[in-house]
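This is target32.csv (CSV, C-alpha atoms).
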```
chain,number,residue,atom,x,y,z
L,1,MET,CA,108.0,86.7,100.7
L,2,ILE,CA,109.0,88.6,97.6
L,3,THR,CA,111.1,91.6,98.5
L,4,ASN,CA,111.5,94.9,96.6
L,5,PHE,CA,115.0,93.7,95.5
L,6,GLU,CA,113.3,90.9,93.5
L,7,THR,CA,110.6,93.0,91.8
L,8,ASN,CA,110.9,93.9,88.1
L,9,LYS,CA,107.7,95.7,87.1
L,10,VAL,CA,106.0,98.9,88.4
L,11,TYR,CA,102.3,99.7,88.0
L,12,LEU,CA,100.7,103.1,88.5
L,13,ALA,CA,97.1,104.2,88.5
L,14,LYS,CA,96.0,106.1,85.4
L,15,GLY,CA,94.9,108.8,87.8
L,16,MET,CA,98.6,109.7,88.1
L,17,LYS,CA,98.3,111.2,84.6
L,18,SER,CA,96.0,113.9,85.9
L,19,GLU,CA,97.2,117.5,85.8
L,20,MET,CA,98.0,117.8,89.5
L,21,TYR,CA,100.4,114.8,89.4
L,22,VAL,CA,101.7,115.0,85.8
L,23,ASN,CA,105.1,116.6,86.5
L,24,ALA,CA,106.0,114.0,89.2
L,25,THR,CA,104.7,111.2,87.1
L,26,GLY,CA,106.6,112.4,84.0
L,27,HIS,CA,109.8,112.4,86.0
L,28,LEU,CA,109.2,109.0,87.6
L,29,LEU,CA,108.3,107.3,84.3
L,30,GLY,CA,111.2,109.0,82.5
L,31,VAL,CA,113.7,107.5,85.1
L,32,LEU,CA,112.0,104.0,84.9
L,33,HIS,CA,112.1,104.1,81.1
L,34,ASN,CA,115.7,105.2,80.9
L,35,GLN,CA,116.8,102.5,83.4
L,36,ARG,CA,114.8,99.9,81.4
L,37,VAL,CA,112.5,99.1,84.4
L,38,ARG,CA,109.2,97.8,83.0
L,39,TRP,CA,106.1,99.9,84.0
L,40,ASP,CA,102.5,100.2,83.0
L,41,PHE,CA,99.3,101.8,84.1
L,42,LEU,CA,96.6,99.8,85.9
L,43,PRO,CA,93.4,99.5,84.0
L,44,LEU,CA,90.2,101.1,85.4
L,45,THR,CA,92.0,103.6,87.6
L,46,ALA,CA,91.5,106.8,85.7
L,47,SER,CA,90.2,108.7,88.8
L,48,PRO,CA,92.9,110.8,90.6
L,49,LEU,CA,91.3,109.4,93.8
L,50,HIS,CA,92.7,106.0,92.8
L,51,ILE,CA,96.4,106.7,92.9
L,52,TRP,CA,97.1,104.8,96.1
L,53,THR,CA,97.8,101.5,94.3
L,54,ARG,CA,100.0,100.1,97.1
L,55,ASP,CA,97.1,99.9,99.5
L,56,TYR,CA,94.4,98.3,97.5
L,57,MET,CA,96.4,96.0,95.3
L,58,PRO,CA,97.4,92.5,96.5
L,59,VAL,CA,100.5,91.6,98.5
L,60,GLN,CA,102.9,89.3,96.6
L,61,VAL,CA,104.1,86.3,98.6
L,62,SER,CA,105.7,84.4,95.7
L,63,LYS,CA,105.7,84.7,91.9
L,64,GLU,CA,102.5,82.6,91.9
L,65,LYS,CA,100.9,83.6,95.1
L,66,LEU,CA,99.3,87.0,95.8
L,67,VAL,CA,97.0,87.8,98.7
L,68,ARG,CA,94.3,90.4,98.5
L,69,PHE,CA,93.4,91.8,101.9
L,70,ASN,CA,90.2,93.6,102.7
L,71,TYR,CA,90.8,97.2,101.7
L,72,SER,CA,88.5,98.9,104.2
L,73,PRO,CA,90.6,101.3,106.3
L,74,ASP,CA,89.1,103.5,109.0
L,75,TYR,CA,90.2,106.7,107.2
L,76,LEU,CA,88.0,105.8,104.2
L,77,LYS,CA,84.9,104.9,106.2
L,78,ASP,CA,83.0,107.7,104.6
L,79,ALA,CA,84.9,107.9,101.4
L,80,PRO,CA,84.1,104.9,99.2
L,81,GLU,CA,85.0,106.8,96.1
L,82,TYR,CA,88.7,106.2,96.9
L,83,LYS,CA,88.2,102.4,96.4
L,84,PRO,CA,88.5,101.2,92.8
L,85,ASP,CA,87.0,97.9,91.7
L,86,THR,CA,90.0,95.7,92.4
L,87,SER,CA,88.3,92.6,91.1
L,88,ALA,CA,87.8,94.2,87.7
L,89,ILE,CA,91.4,95.4,87.7
L,90,LEU,CA,92.8,92.0,88.5
L,91,SER,CA,90.6,90.3,86.0
L,92,ALA,CA,91.8,92.7,83.3
L,93,LEU,CA,95.4,91.9,84.2
L,94,GLY,CA,94.7,88.2,84.4
L,95,ILE,CA,96.0,88.0,88.0
L,96,HIS,CA,94.5,85.4,90.4
L,97,VAL,CA,94.7,86.1,94.1
L,98,ILE,CA,93.9,84.5,97.4
L,99,ASP,CA,91.3,86.6,99.2
L,100,SER,CA,91.4,87.3,102.9
L,101,ASP,CA,88.8,89.1,105.1
L,102,ILE,CA,91.6,90.6,107.2
L,103,ILE,CA,91.7,94.4,106.9
L,104,VAL,CA,95.2,95.4,105.9
L,105,ASP,CA,96.5,98.2,103.6
L,106,GLY,CA,99.5,97.3,101.4
L,107,GLY,CA,101.4,100.3,102.8
L,108,ASN,CA,101.5,98.5,106.1
L,109,VAL,CA,103.3,95.5,104.7
L,110,ILE,CA,107.1,95.7,104.6
L,111,SER,CA,108.4,92.4,103.1
L,112,CYS,CA,111.8,91.4,104.5
L,113,GLY,CA,112.0,88.0,103.0
L,114,ASN,CA,111.7,85.6,105.9
L,115,LYS,CA,109.9,88.3,108.0
L,116,VAL,CA,107.3,91.0,107.4
L,117,ILE,CA,107.0,94.2,109.3
L,118,MET,CA,103.5,95.7,110.1
L,119,THR,CA,102.3,98.2,112.6
L,120,ASP,CA,100.1,97.1,115.4
L,121,LYS,CA,97.2,99.1,113.9
L,122,ILE,CA,96.1,95.7,112.5
L,123,PHE,CA,94.6,94.9,116.0
L,124,ARG,CA,92.4,98.1,115.9
L,125,GLU,CA,91.4,97.3,112.3
L,126,ASN,CA,90.4,93.7,113.1
L,127,PRO,CA,88.7,93.7,116.5
L,128,ASN,CA,86.8,90.6,115.5
L,129,TYR,CA,90.0,88.6,115.6
L,130,ASP,CA,91.8,87.3,118.7
L,131,ARG,CA,95.2,88.8,118.6
L,132,ASP,CA,97.1,85.5,118.5
L,133,VAL,CA,94.8,84.1,115.9
L,134,LEU,CA,95.2,87.2,113.7
L,135,ILE,CA,99.0,87.0,113.8
L,136,HIS,CA,98.9,83.3,113.1
L,137,LYS,CA,96.6,83.7,110.2
L,138,LEU,CA,98.7,86.5,108.7
L,139,SER,CA,101.8,84.4,109.1
L,140,GLN,CA,100.2,81.6,107.3
L,141,LEU,CA,98.9,83.8,104.5
L,142,LEU,CA,102.2,85.6,104.0
L,143,GLU,CA,104.3,82.5,104.7
L,144,THR,CA,106.7,84.4,107.0
L,145,GLU,CA,107.1,85.7,110.5
L,146,VAL,CA,105.2,88.8,111.4
L,147,VAL,CA,107.2,91.5,113.3
L,148,LEU,CA,105.0,94.1,114.8
L,149,ILE,CA,106.0,97.7,115.5
L,150,PRO,CA,104.0,100.4,117.3
L,151,GLU,CA,102.1,102.6,115.0
L,152,ASP,CA,102.8,106.4,114.8
L,153,TYR,CA,99.7,107.9,116.2
L,154,TYR,CA,100.4,111.2,114.5
L,155,ASP,CA,100.0,109.3,111.2
L,156,GLU,CA,96.3,108.9,110.5
L,157,TYR,CA,97.0,106.0,108.1
L,158,GLY,CA,99.1,103.8,110.5
L,159,HIS,CA,101.3,102.4,107.8
L,160,ALA,CA,104.8,101.0,108.2
L,161,ASP,CA,106.1,102.3,104.9
L,162,GLY,CA,106.6,105.8,106.2
L,163,MET,CA,108.5,104.5,109.2
L,164,VAL,CA,110.9,101.7,108.2
L,165,ARG,CA,112.2,100.0,105.0
L,166,TYR,CA,114.1,96.8,104.3
L,167,MET,CA,117.7,97.2,103.3
L,168,GLY,CA,118.5,93.5,102.7
L,169,GLU,CA,120.4,90.9,104.7
L,170,SER,CA,118.4,91.4,107.9
L,171,ARG,CA,118.9,95.2,107.9
L,172,VAL,CA,116.3,97.9,108.0
L,173,LEU,CA,116.3,101.7,107.6
L,174,LEU,CA,114.4,103.7,110.3
L,175,ASN,CA,113.0,107.1,109.8
L,176,ASN,CA,114.4,110.1,111.7
L,177,TYR,CA,112.5,109.6,114.9
L,178,TYR,CA,115.7,110.5,116.7
L,179,ASP,CA,115.0,114.1,115.6
L,180,PHE,CA,111.5,114.5,116.9
L,181,ASP,CA,110.0,111.5,118.9
L,182,LYS,CA,112.5,109.8,121.1
L,183,ALA,CA,109.8,107.9,123.0
L,184,LEU,CA,108.5,106.3,119.8
L,185,ARG,CA,112.0,105.7,118.6
L,186,LYS,CA,112.8,103.7,121.8
L,187,ARG,CA,109.8,101.5,121.3
L,188,LEU,CA,110.6,101.0,117.6
L,189,LEU,CA,114.2,100.0,118.4
L,190,ALA,CA,112.9,97.5,121.0
L,191,ALA,CA,110.5,95.9,118.5
L,192,LEU,CA,113.0,95.8,115.6
L,193,SER,CA,116.4,95.1,117.2
L,194,PRO,CA,115.7,91.4,118.1
L,195,HIS,CA,115.2,90.8,114.4
L,196,PHE,CA,117.2,93.3,112.4
L,197,ASP,CA,120.3,95.5,112.3
L,198,ILE,CA,119.0,99.0,112.3
L,199,THR,CA,120.3,102.1,110.4
L,200,GLU,CA,118.7,105.4,111.4
L,201,LEU,CA,118.1,108.5,109.4
L,202,HIS,CA,119.1,111.8,111.1
L,203,TYR,CA,118.1,115.1,109.5
L,204,GLY,CA,118.8,117.4,112.5
L,205,ALA,CA,115.4,118.9,111.8
L,206,TYR,CA,111.7,117.9,111.4
L,207,THR,CA,108.9,118.9,109.2
L,208,ASP,CA,105.5,117.3,109.0
L,209,ARG,CA,106.6,115.7,105.7
L,210,SER,CA,109.9,114.2,106.7
L,211,TRP,CA,108.3,110.8,106.5
L,212,ALA,CA,107.9,111.2,102.7
L,213,TYR,CA,111.6,110.6,101.9
L,214,ILE,CA,111.6,107.0,103.3
L,215,ASN,CA,108.4,106.4,101.4
L,216,PHE,CA,110.5,105.8,98.3
L,217,LEU,CA,109.8,103.4,95.4
L,218,HIS,CA,112.3,100.5,95.5
L,219,VAL,CA,112.2,98.2,92.5
L,220,GLY,CA,115.0,95.8,91.8
L,221,GLN,CA,118.3,97.6,92.1
L,222,HIS,CA,116.7,101.1,91.8
L,223,ILE,CA,115.4,103.4,94.5
L,224,LEU,CA,113.4,106.4,93.4
L,225,ILE,CA,113.3,109.0,96.2
L,226,PRO,CA,110.5,111.7,96.3
L,227,MET,CA,111.9,115.2,96.4
L,228,MET,CA,110.2,118.4,97.5
L,229,ASP,CA,110.9,122.1,97.4
L,230,ASP,CA,112.6,122.1,100.8
L,231,LYS,CA,116.2,121.8,101.9
L,232,LEU,CA,115.6,118.5,103.8
L,233,GLY,CA,115.9,116.5,100.6
L,234,GLU,CA,119.5,117.5,100.3
L,235,VAL,CA,120.1,115.9,103.7
L,236,ALA,CA,117.8,112.8,103.2
L,237,PHE,CA,118.9,111.8,99.7
L,238,PRO,CA,122.6,111.0,100.4
L,239,GLN,CA,121.7,109.2,103.6
L,240,ILE,CA,119.3,106.9,101.8
L,241,ALA,CA,121.8,106.4,99.0
L,242,ASP,CA,124.5,105.4,101.6
L,243,ALA,CA,122.1,102.9,103.1
L,244,PHE,CA,121.6,101.2,99.8
L,245,PRO,CA,125.1,101.0,98.2
L,246,GLN,CA,124.0,98.1,96.1
L,247,CYS,CA,121.3,100.2,94.4
L,248,LYS,CA,121.2,103.2,92.1
L,249,CYS,CA,119.2,106.0,93.7
L,250,HIS,CA,117.3,108.6,91.7
L,251,PRO,CA,115.7,111.8,92.9
L,252,ILE,CA,112.2,112.3,91.6
L,253,HIS,CA,111.2,115.9,91.6
L,254,HIS,CA,107.8,117.7,91.7
L,255,CYS,CA,106.4,115.3,94.3
L,256,GLU,CA,104.8,118.0,96.5
L,257,SER,CA,101.4,117.4,94.9
L,258,ILE,CA,101.4,113.7,95.8
L,259,ILE,CA,102.7,114.2,99.3
L,260,ARG,CA,100.1,116.9,100.1
L,261,GLU,CA,97.5,114.2,99.5
L,262,GLY,CA,99.0,112.0,102.2
L,263,GLY,CA,101.4,109.6,100.4
L,264,ALA,CA,104.5,109.5,98.3
L,265,LEU,CA,106.1,107.2,95.8
L,266,ASN,CA,105.8,103.8,97.6
L,267,CYS,CA,102.1,104.6,98.2
L,268,SER,CA,101.4,105.6,94.6
L,269,THR,CA,103.0,102.5,93.0
L,270,TRP,CA,102.7,98.8,93.0
L,271,ASN,CA,105.7,96.7,92.0
L,272,ILE,CA,105.8,93.0,91.6
L,273,LEU,CA,107.9,90.1,90.2
L,274,ILE,CA,106.6,88.7,87.0
L,275,ASP,CA,107.9,86.8,84.0
L,276,LEU,CA,109.0,89.3,81.4
L,277,PRO,CA,109.9,88.8,77.7
L,278,GLU,CA,113.4,89.5,76.7
L,279,GLU,CA,112.6,92.4,74.4
L,280,GLU,CA,112.5,96.0,75.7
L,281,ASN,CA,109.3,97.8,76.5
L,282,SER,CA,106.9,97.6,73.5
L,283,TYR,CA,105.3,100.9,74.4
L,284,GLU,CA,106.6,104.5,74.4
L,285,LEU,CA,106.4,107.1,77.1
L,286,PRO,CA,103.0,108.9,76.8
L,287,LYS,CA,103.4,112.0,74.7
L,288,GLN,CA,102.5,114.3,77.7
L,289,PHE,CA,105.6,113.0,79.4
```

Whole structure given in structure tokens:
Amino acid sequence: MITNFETNKVYLAKGMKSEMYVNATGHLLGVLHNQRVRWDFLPLTASPLHIWTRDYMPVQVSKEKLVRFNYSPDYLKDAPEYKPDTSAILSALGIHVIDSDIIVDGGNVISCGNKVIMTDKIFRENPNYDRDVLIHKLSQLLETEVVLIPEDYYDEYGHADGMVRYMGESRVLLNNYYDFDKALRKRLLAALSPHFDITELHYGAYTDRSWAYINFLHVGQHILIPMMDDKLGEVAFPQIADAFPQCKCHPIHHCESIIREGGALNCSTWNILIDLPEEENSYELPKQF
């Protein structure tokens, strides 16, 4: 599978330009622009309810192969307004996908190259599938081995991207469960250690938003870390930077408004590998940024 290290373009929903998110979006796009990372807004996503692009956009397996899963999570059962018309978006972008009826959110897919990490929430979301059949089908679609981790039941979304991230070379970064949930930490270590070397975050403290720091945007050799108005970021940022010495890490401020809605920078972006022309971006930063 394509990993974040290989991606070279970032997409955001146009809803990220809304007043409540404009400060975080301005900082994010400014950093991308200054670092010459290509970015653009997804068409047909002007609603501020459509900012969670990671979850509804397809998963990239190779440069030519993208898989669109069934975006029908339990937490949106009575909220269809959060679901944009992905067929129209993909058509406008000229992107062709392989469709699957399996219910999976993009935030629950952590590509590690020859492996992919997902939480076992996939079993609850797809009760019509035999478990072995489901894993086999996912492995075929994604062309890689599926490594399952236990979901964090305190997270209503059940996504892996607030729990663990890929560091390259069979290494993963684990959130600071040591600080607040040693039982879940033990189960996560048991699930991950046969496949990866594990680095753990340690903050010495816990808030109900400590997951947000590991929910960073990783595109190519750049990591953009969401920052909030608490002191925990001063502890989290250097630890994440130390975990990715091959990358340049950037703090992105004013992310409280995004995080209050239940996601952070990985959730609110979609980055892929595409062929790019040699010239720099042909568009300027929007004037409000």

> Mind pulling up the distance from CA of Gly26 (chain L) to CA of Leu49 (chain L)?
Replying inline: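 Going from CA of Leu49 (chain L) over to CA of Gly26 (chain L), I get 18.4 Å.
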
> L:Ile117, L:Ser18, L:Gly168, L:His50: which is nearest Ala79 (chain L), counting all atoms listed in the file?
Replying inline: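 Residue with the minimum atom-to-atom distance to Ala79 (chain L): L:His50.
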
>> I'd like the contact shell of Leu141 (chain L) - 9 Å cut-off, only C-alpha atoms, skipping same-chain residues fewer than 4 positions apart - returned as a list in words.
In response: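 My list of contacting residues is Val61, Val67, Ile98, Ser100, His136 and Lys137 of chain L.
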
> With all atoms listed in the file as the atoms that count, which of L:Asn176, L:Asp40, L:Arg165, L:Ala183 lies nearest to Ile223 (chain L)?
Replying inline: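 Result for the nearest residue to Ile223 (chain L): L:Arg165.
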
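Take the candidates L:Glu64, L:Asp229, L:Asp105, L:Glu234 and check each one against Tyr203 (chain L) using all atoms listed in the file; the shortest distance goes to L:Glu234.
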
> What's the 7 Å shell around Ile89 (chain L), counting only C-alpha atoms, without same-chain residues fewer than 3 positions away, as a list in words?
Replying inline: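 Answer for this query is Pro43, Leu44, Asp85, Thr86, Ala92 and Leu93 of chain L.
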